[in-house]
>>> print(open('protein14.txt').read())   # compact mmCIF, C-alpha atoms and all ligand atoms
# COMPACT_ATOMS: atom_id res chain seq x y z
CA MET H 1 -20.55 -1.67 7.14
CA GLN H 2 -18.57 -1.30 3.89
CA LYS H 3 -19.21 1.43 1.37
CA LEU H 4 -19.42 0.08 -2.14
CA GLY H 5 -18.31 3.16 -4.02
CA LYS H 6 -20.36 5.88 -5.58
CA TYR H 7 -23.02 5.50 -8.19
CA LEU H 8 -22.59 7.50 -11.41
CA ASN H 9 -26.23 8.55 -11.56
CA PRO H 10 -28.45 9.86 -8.75
CA VAL H 11 -29.62 6.84 -6.77
CA GLN H 12 -33.27 7.85 -7.19
CA THR H 13 -32.86 7.68 -10.99
CA ILE H 14 -31.21 4.26 -10.73
CA ILE H 15 -33.96 2.94 -8.45
CA LEU H 16 -36.65 4.10 -10.88
CA ASN H 17 -34.75 2.66 -13.88
CA ARG H 18 -34.34 -0.81 -12.38
CA HIS H 19 -36.75 -3.47 -13.62
CA SER H 20 -36.61 -7.23 -13.46
CA CYS H 21 -35.36 -8.48 -16.81
CA ARG H 22 -36.03 -12.08 -17.83
CA THR H 23 -34.96 -11.86 -21.48
CA PHE H 24 -31.21 -11.44 -22.06
CA LEU H 25 -28.92 -11.29 -25.08
CA ARG H 26 -26.94 -14.53 -25.32
CA THR H 27 -23.59 -12.83 -24.85
CA THR H 28 -21.18 -12.58 -21.95
CA LEU H 29 -20.33 -9.25 -20.36
CA ASP H 30 -17.74 -6.88 -21.72
CA GLU H 31 -14.45 -7.09 -19.81
CA LYS H 32 -14.86 -3.61 -18.26
CA TYR H 33 -18.16 -4.58 -16.61
CA ARG H 34 -16.82 -7.92 -15.45
CA VAL H 35 -13.80 -6.24 -13.81
CA ARG H 36 -16.00 -3.65 -12.09
CA ILE H 37 -18.33 -6.31 -10.72
CA GLN H 38 -15.43 -8.44 -9.52
CA GLN H 39 -14.05 -5.38 -7.70
CA LEU H 40 -17.38 -4.78 -5.97
CA ILE H 41 -17.67 -8.36 -4.70
CA GLU H 42 -14.00 -9.11 -4.14
CA LYS H 43 -14.44 -9.41 -0.36
CA PRO H 44 -17.44 -10.48 1.72
CA LEU H 45 -19.66 -7.47 2.48
CA THR H 46 -21.11 -6.53 5.86
CA GLY H 47 -24.53 -4.93 6.27
CA ILE H 48 -26.07 -2.44 8.71
CA PHE H 49 -26.89 -5.13 11.29
CA GLY H 50 -23.36 -6.57 11.20
CA HIS H 51 -24.03 -9.74 9.19
CA SER H 52 -21.86 -10.65 6.23
CA ALA H 53 -22.65 -12.03 2.82
CA ARG H 54 -20.39 -13.14 0.02
CA PHE H 55 -21.18 -12.79 -3.65
CA VAL H 56 -19.76 -14.84 -6.51
CA PHE H 57 -19.85 -14.01 -10.21
CA ILE H 58 -20.28 -17.10 -12.37
CA SER H 59 -20.20 -17.44 -16.09
CA GLN H 60 -21.42 -20.24 -18.31
CA GLU H 61 -19.40 -19.44 -21.38
CA GLU H 62 -20.13 -21.77 -24.26
CA LYS H 63 -16.48 -21.95 -25.23
CA SER H 64 -15.34 -23.16 -21.82
CA GLU H 65 -14.33 -26.84 -21.60
CA LYS H 66 -16.64 -27.58 -18.70
CA PRO H 67 -19.56 -25.22 -19.13
CA VAL H 68 -21.56 -24.68 -15.94
CA ARG H 69 -25.21 -25.60 -16.45
CA LEU H 70 -27.30 -23.24 -14.39
CA GLY H 71 -31.03 -23.69 -14.50
CA THR H 72 -33.75 -21.13 -13.89
CA TYR H 73 -36.64 -23.43 -14.86
CA GLY H 74 -37.03 -21.44 -18.06
CA PHE H 75 -37.97 -18.24 -16.24
CA ILE H 76 -34.87 -16.48 -17.53
CA SER H 77 -33.93 -16.65 -21.17
CA GLY H 78 -30.49 -16.06 -22.67
CA ALA H 79 -28.55 -15.15 -19.49
CA ARG H 80 -25.01 -16.52 -19.41
CA GLU H 81 -23.77 -14.88 -16.22
CA PHE H 82 -25.04 -14.63 -12.68
CA ILE H 83 -24.24 -13.12 -9.33
CA VAL H 84 -24.85 -15.66 -6.56
CA GLY H 85 -25.52 -14.40 -3.03
CA ILE H 86 -24.37 -16.50 -0.08
CA ILE H 87 -24.88 -16.21 3.70
CA ASN H 88 -24.16 -18.54 6.58
CA SER H 89 -27.13 -17.84 8.83
CA THR H 90 -30.80 -17.03 8.25
CA GLU H 91 -30.30 -14.13 10.71
CA ALA H 92 -28.40 -12.41 7.89
CA LEU H 93 -31.38 -12.12 5.52
CA LEU H 94 -32.08 -8.43 6.18
CA ASP H 95 -28.45 -7.49 5.59
CA PHE H 96 -28.41 -9.81 2.60
CA GLY H 97 -31.34 -7.98 0.97
CA TYR H 98 -29.66 -4.66 1.64
CA LEU H 99 -26.27 -5.73 0.27
CA PHE H 100 -27.48 -7.57 -2.82
CA GLU H 101 -29.71 -4.62 -3.76
CA THR H 102 -26.75 -2.21 -3.54
CA LEU H 103 -25.02 -4.49 -6.09
CA ILE H 104 -28.13 -4.72 -8.30
CA LEU H 105 -28.29 -0.92 -8.30
CA HIS H 106 -24.60 -0.76 -9.28
CA ALA H 107 -25.36 -3.08 -12.20
CA THR H 108 -28.37 -0.92 -13.18
CA ASP H 109 -26.15 2.17 -12.95
CA MET H 110 -23.80 0.51 -15.49
CA GLY H 111 -26.76 -0.06 -17.83
CA LEU H 112 -26.90 -3.80 -17.12
CA ALA H 113 -30.02 -5.88 -16.61
CA THR H 114 -30.74 -8.06 -13.57
CA CYS H 115 -33.55 -10.01 -11.91
CA TRP H 116 -33.78 -11.03 -8.26
CA LEU H 117 -34.39 -14.80 -8.22
CA GLY H 118 -35.26 -16.26 -4.86
CA GLY H 119 -37.86 -18.81 -5.78
CA PHE H 120 -37.08 -20.65 -8.96
CA PHE H 121 -33.52 -21.64 -9.74
CA HIS H 122 -31.66 -24.93 -9.51
CA ARG H 123 -30.12 -24.45 -6.07
CA SER H 124 -27.92 -27.54 -6.34
CA ALA H 125 -26.33 -26.47 -9.65
CA PHE H 126 -25.56 -23.00 -8.27
CA ALA H 127 -24.29 -24.54 -5.01
CA LYS H 128 -21.85 -26.68 -6.99
CA ALA H 129 -20.71 -23.76 -9.14
CA VAL H 130 -19.82 -21.63 -6.07
CA GLN H 131 -18.49 -24.55 -3.98
CA LEU H 132 -21.06 -23.90 -1.29
CA GLN H 133 -19.86 -24.89 2.17
CA PRO H 134 -22.07 -27.04 4.45
CA ASN H 135 -22.97 -24.07 6.69
CA GLU H 136 -23.84 -21.76 3.78
CA ILE H 137 -27.15 -20.87 2.13
CA ILE H 138 -27.94 -19.29 -1.25
CA PRO H 139 -31.02 -17.13 -0.60
CA ALA H 140 -31.06 -15.60 -4.08
CA VAL H 141 -29.18 -15.16 -7.33
CA SER H 142 -29.47 -12.70 -10.20
CA PRO H 143 -28.65 -13.02 -13.87
CA ILE H 144 -26.56 -10.10 -15.04
CA GLY H 145 -26.22 -9.11 -18.66
CA TYR H 146 -27.66 -7.08 -21.50
CA ALA H 147 -31.44 -6.87 -21.81
CA ARG H 148 -32.87 -8.08 -25.11
CA PHE H 149 -35.24 -5.52 -26.55
CA GLU H 150 -37.92 -8.08 -27.41
CA GLN H 151 -39.20 -9.79 -24.27
CA THR H 152 -40.23 -13.45 -24.34
CA ILE H 153 -43.95 -14.15 -23.92
CA ARG H 154 -43.16 -15.77 -20.55
CA ASP H 155 -41.38 -12.59 -19.39
CA GLN H 156 -44.39 -10.49 -20.42
CA LEU H 157 -46.80 -12.89 -18.70
CA ILE H 158 -44.86 -12.90 -15.42
CA ARG H 159 -44.85 -9.10 -15.41
CA ILE H 160 -48.60 -8.96 -16.07
CA MET H 161 -49.42 -11.59 -13.45
CA ALA H 162 -47.29 -9.94 -10.75
CA HIS H 163 -48.48 -6.42 -11.75
CA SER H 164 -44.76 -5.64 -11.81
CA ASP H 165 -45.22 -2.13 -13.21
CA GLN H 166 -47.51 -1.17 -10.35
CA ARG H 167 -47.15 -0.57 -6.63
CA LYS H 168 -49.64 -0.23 -3.77
CA ASP H 169 -50.81 3.30 -2.95
CA TRP H 170 -49.23 5.33 -0.17
CA GLN H 171 -52.26 4.86 2.05
CA ALA H 172 -51.80 1.07 2.05
CA LEU H 173 -48.12 1.25 2.97
CA PHE H 174 -47.32 4.36 5.02
CA PHE H 175 -48.92 5.60 8.26
CA ASP H 176 -48.85 8.74 10.37
CA GLY H 177 -48.21 8.28 14.11
CA ASP H 178 -49.80 4.83 14.30
CA PHE H 179 -51.51 2.34 12.02
CA THR H 180 -54.89 4.16 12.08
CA LYS H 181 -53.97 7.21 9.97
CA PRO H 182 -52.51 7.09 6.45
CA LEU H 183 -49.43 9.26 5.86
CA THR H 184 -49.70 11.96 3.20
CA LYS H 185 -46.71 13.10 1.15
CA GLU H 186 -47.07 16.55 2.75
CA ALA H 187 -46.90 15.11 6.26
CA ALA H 188 -43.91 12.95 5.28
CA GLU H 189 -42.05 16.20 4.45
CA VAL H 190 -38.40 15.53 3.52
CA PHE H 191 -38.95 11.79 3.94
CA ALA H 192 -41.51 11.66 1.11
CA GLU H 193 -38.79 10.85 -1.43
CA PRO H 194 -37.02 8.06 0.53
CA LEU H 195 -40.47 6.53 1.15
CA GLU H 196 -41.40 6.79 -2.52
CA MET H 197 -38.14 4.95 -3.32
CA VAL H 198 -39.15 2.19 -0.88
CA ARG H 199 -42.45 1.99 -2.72
CA TRP H 200 -40.63 1.23 -5.98
CA ALA H 201 -38.45 -1.47 -4.47
CA PRO H 202 -38.63 -4.94 -5.98
CA SER H 203 -40.21 -7.61 -3.78
CA ALA H 204 -40.87 -11.32 -4.13
CA SER H 205 -44.02 -11.81 -6.26
CA ASN H 206 -44.39 -8.01 -5.98
CA LYS H 207 -46.14 -8.52 -2.61
CA GLN H 208 -44.70 -5.25 -1.18
CA PRO H 209 -44.75 -6.39 2.47
CA TRP H 210 -43.30 -3.13 3.88
CA ARG H 211 -45.47 -1.13 6.31
CA ILE H 212 -44.02 2.09 7.67
CA VAL H 213 -45.13 4.37 10.50
CA LYS H 214 -43.70 7.90 10.70
CA GLN H 215 -43.56 9.57 14.10
CA THR H 216 -42.00 12.88 15.14
CA ASN H 217 -38.37 11.74 15.23
CA SER H 218 -38.49 8.23 13.86
CA ILE H 219 -39.65 6.15 10.97
CA HIS H 220 -40.56 2.59 11.94
CA PHE H 221 -40.38 -0.33 9.51
CA PHE H 222 -42.70 -3.32 9.85
CA LEU H 223 -43.18 -6.52 7.86
CA GLN H 224 -46.67 -7.62 6.90
CA ARG H 225 -46.29 -11.14 5.63
CA ALA H 226 -48.48 -12.44 2.82
CA PRO H 227 -50.56 -15.34 4.25
CA ASN H 228 -49.02 -18.81 3.70
CA TYR H 229 -46.23 -17.34 1.56
CA ARG H 230 -43.26 -18.22 3.73
CA SER H 231 -43.80 -21.98 3.57
CA ILE H 232 -43.71 -22.07 -0.26
CA TYR H 233 -40.07 -21.09 -0.63
CA ALA H 234 -36.74 -22.42 0.66
CA CYS H 235 -35.88 -19.01 2.15
CA ASP H 236 -37.75 -16.24 3.94
CA LEU H 237 -38.04 -14.05 0.83
CA GLN H 238 -40.11 -11.38 2.54
CA MET H 239 -37.32 -10.73 5.06
CA ILE H 240 -35.05 -10.15 2.05
CA ASP H 241 -37.71 -7.72 0.71
CA MET H 242 -37.35 -5.72 3.95
CA GLY H 243 -33.58 -5.51 3.44
CA ILE H 244 -34.16 -4.20 -0.08
CA ALA H 245 -36.59 -1.57 1.26
CA LEU H 246 -33.98 -0.57 3.85
CA CYS H 247 -31.42 -0.18 1.07
CA HIS H 248 -33.66 2.13 -0.99
CA PHE H 249 -34.57 4.19 2.07
CA VAL H 250 -31.03 4.60 3.43
CA LEU H 251 -29.38 5.30 0.07
CA THR H 252 -32.00 7.95 -0.77
CA ALA H 253 -31.87 9.54 2.69
CA LYS H 254 -28.06 9.74 2.38
CA ALA H 255 -28.28 11.16 -1.15
CA LEU H 256 -30.53 13.90 0.27
CA SER H 257 -28.17 14.40 3.25
CA LEU H 258 -31.00 13.68 5.69
CA PRO H 259 -29.87 13.10 9.25
CA GLY H 260 -30.57 9.82 11.03
CA GLU H 261 -29.49 6.26 11.60
CA ILE H 262 -30.96 2.77 11.74
CA VAL H 263 -31.73 1.52 15.26
CA LYS H 264 -34.00 -1.02 16.94
CA ALA H 265 -36.59 1.05 18.84
CA GLN H 266 -40.05 -0.46 18.69
CA PRO H 267 -42.73 2.20 19.24
CA GLU H 268 -45.43 1.67 21.83
CA ILE H 269 -48.35 1.61 19.44
CA PRO H 270 -50.95 -1.10 18.72
CA ILE H 271 -49.66 -3.34 15.93
CA PRO H 272 -52.19 -5.05 13.64
CA ALA H 273 -52.30 -8.86 13.67
CA GLY H 274 -49.73 -10.45 11.39
CA VAL H 275 -47.48 -7.39 11.40
CA GLU H 276 -43.92 -7.63 12.76
CA TYR H 277 -41.69 -4.73 13.88
CA LEU H 278 -38.14 -4.83 12.45
CA PHE H 279 -36.17 -1.54 12.74
CA SER H 280 -36.41 2.25 12.76
CA TRP H 281 -34.71 5.29 11.24
CA GLN H 282 -34.17 7.72 14.11
CA TYR H 283 -33.34 11.39 13.51
C1 LIG E 1 -36.48 -11.54 -2.90
C2 LIG E 1 -37.03 -11.59 -4.31
C3 LIG E 1 -37.19 -12.82 -4.94
C4 LIG E 1 -37.68 -12.87 -6.25
N1 LIG E 1 -37.78 -14.09 -6.87
C5 LIG E 1 -38.18 -14.15 -8.16
C6 LIG E 1 -38.22 -15.42 -8.83
O1 LIG E 1 -37.90 -16.47 -8.26
N2 LIG E 1 -38.59 -15.43 -10.14
C7 LIG E 1 -38.94 -14.29 -10.81
O2 LIG E 1 -39.24 -14.37 -12.00
N3 LIG E 1 -38.92 -13.07 -10.19
C8 LIG E 1 -38.55 -12.99 -8.90
N4 LIG E 1 -38.49 -11.76 -8.26
C9 LIG E 1 -38.81 -10.52 -8.99
C10 LIG E 1 -40.18 -9.92 -8.63
O3 LIG E 1 -41.20 -10.66 -9.22
C11 LIG E 1 -40.20 -8.45 -9.10
O4 LIG E 1 -39.24 -7.73 -8.36
C12 LIG E 1 -41.57 -7.78 -8.91
O5 LIG E 1 -42.54 -8.40 -9.73
C13 LIG E 1 -41.52 -6.28 -9.27
O6 LIG E 1 -41.10 -6.09 -10.59
P1 LIG E 1 -39.80 -5.23 -10.94
O7 LIG E 1 -38.62 -5.90 -10.27
O8 LIG E 1 -39.69 -5.25 -12.43
O9 LIG E 1 -40.01 -3.85 -10.39
C14 LIG E 1 -38.03 -11.68 -6.94
C15 LIG E 1 -37.88 -10.46 -6.28
C16 LIG E 1 -37.37 -10.41 -5.00
C17 LIG E 1 -37.19 -9.08 -4.33
>>> encode(input="protein14.txt", output="structure tokens")
Amino acid sequence: MQKLGKYLNPVQTIILNRHSCRTFLRTTLDEKYRVRIQQLIEKPLTGIFGHSARFVFISQEEKSEKPVRLGTYGFISGAREFIVGIINSTEALLDFGYLFETLILHATDMGLATCWLGGFFHRSAFAKAVQLQPNEIIPAVSPIGYARFEQTIRDQLIRIMAHSDQRKDWQALFFDGDFTKPLTKEAAEVFAEPLEMVRWAPSASNKQPWRIVKQTNSIHFFLQRAPNYRSIYACDLQMIDMGIALCHFVLTAKALSLPGEIVKAQPEIPIPAGVEYLFSWQY
């Protein structure tokens, strides 16, 4: 797994500062930001589970002879530049979520605005712009640019409808020992902060599908899918959500110098219907 370089600010601050932005200034990025982003995505990146993803920066500058027309069905206003995420197997979705979120956090750290887009964008236009190969998939893209202070009405409505400024309570997400007992912040001890950072992760439609069980020496991550959600979209967006949660957890645990590593070690506990075990942090 590659390291993408250090963040300037504490990762917890960056995580809490990140918001989906759908209203951008109609300008392209300053050269210094463009260079930094190109450096970050120069080579394909490999995630914790060994899958790779490549990322391409594309610009639709008005002055260019053949401007690229990239559609977001009107969900995003003003954005001229995008990062496009590409994988070559659906097995890579967890790593993809992890890797793309590390980039999104780098952009946030630079003061830039982004928005995960997995549902509504013109896949064929983006595919053409990045010369997508037959075996490749674009699970998600993100505009990258400067946030406009005044949000469009559509932006405000999406945020209200998805309750984007809110997250589920701890008791709905985190459990102590097994799924019968909610985990308190006190019982989570040093892991309270990494878990709180998971809580503030972005997720498709803000569904927050992460369910986590803390045991004595491990923290187990499960996916609780929203009913009928998977069939709506071209990609398994909730698997990407789990990769994003993993990113927030691991980066925060490392920032706090907490010991541990990600392994597959399913605990022998009853698992509620519709819940799927994915991975654990063992320490
Ligand atoms: C995998 C993924 C896909 C998403 N797809 C879209 C999308 O297609 N359109 C959109 O407007 N927002 C999309 N979002 C953004 C979420 O709606 C947003 O993260 C959530 O409402 C929480 O708000 P916040 O990001 O401002 O914290 C997506 C987020 C994720 C993680």
>>> residues_around(input="protein14.txt", residues="region 31-34 of chain H", least_positions_apart="5", cutoff="12 Å", atoms="all atoms listed in the file", output="PDB file with C-alpha atoms, keeping the file's coordinate frame")
ATOM      1  CA  GLN H  39     -14.050  -5.380  -7.700  1.00  0.00           C
ATOM      2  CA  LEU H  40     -17.380  -4.780  -5.970  1.00  0.00           C
ATOM      3  CA  ILE H  41     -17.670  -8.360  -4.700  1.00  0.00           C
ATOM      4  CA  GLU H  42     -14.000  -9.110  -4.140  1.00  0.00           C
ATOM      5  CA  VAL H  56     -19.760 -14.840  -6.510  1.00  0.00           C
ATOM      6  CA  PHE H  57     -19.850 -14.010 -10.210  1.00  0.00           C
ATOM      7  CA  ILE H  58     -20.280 -17.100 -12.370  1.00  0.00           C
ATOM      8  CA  SER H  59     -20.200 -17.440 -16.090  1.00  0.00           C
ATOM      9  CA  GLU H  81     -23.770 -14.880 -16.220  1.00  0.00           C
ATOM     10  CA  PHE H  82     -25.040 -14.630 -12.680  1.00  0.00           C
ATOM     11  CA  ILE H  83     -24.240 -13.120  -9.330  1.00  0.00           C
ATOM     12  CA  HIS H 106     -24.600  -0.760  -9.280  1.00  0.00           C
ATOM     13  CA  ALA H 107     -25.360  -3.080 -12.200  1.00  0.00           C
ATOM     14  CA  THR H 108     -28.370  -0.920 -13.180  1.00  0.00           C
ATOM     15  CA  ASP H 109     -26.150   2.170 -12.950  1.00  0.00           C
ATOM     16  CA  MET H 110     -23.800   0.510 -15.490  1.00  0.00           C
ATOM     17  CA  GLY H 111     -26.760  -0.060 -17.830  1.00  0.00           C
ATOM     18  CA  LEU H 112     -26.900  -3.800 -17.120  1.00  0.00           C
ATOM     19  CA  ALA H 113     -30.020  -5.880 -16.610  1.00  0.00           C
ATOM     20  CA  ILE H 144     -26.560 -10.100 -15.040  1.00  0.00           C
ATOM     21  CA  GLY H 145     -26.220  -9.110 -18.660  1.00  0.00           C
ATOM     22  CA  TYR H 146     -27.660  -7.080 -21.500  1.00  0.00           C
TER      23      TYR H 146
END
>>> residues_around(input="protein14.txt", residues="region 18-22 of chain H", least_positions_apart="3", cutoff="6 Å", atoms="only C-alpha atoms", output="PyMOL selection string")
chain H and resi 15+76+113-115+155
>>> atom_distance(input="protein14.txt", atom1="CA of Gly71 (chain H)", atom2="CA of Pro209 (chain H)")
27.8 Å
>>> closest_residue(input="protein14.txt", among="H:Ile212, H:Leu70, H:Leu16, H:Ala273", to="ligand LIG 1 (chain E)", atoms="only C-alpha atoms and all ligand atoms")
H:Leu16
>>> atom_distance(input="protein14.txt", atom1="CA of Ala92 (chain H)", atom2="CA of Glu136 (chain H)")
11.2 Å
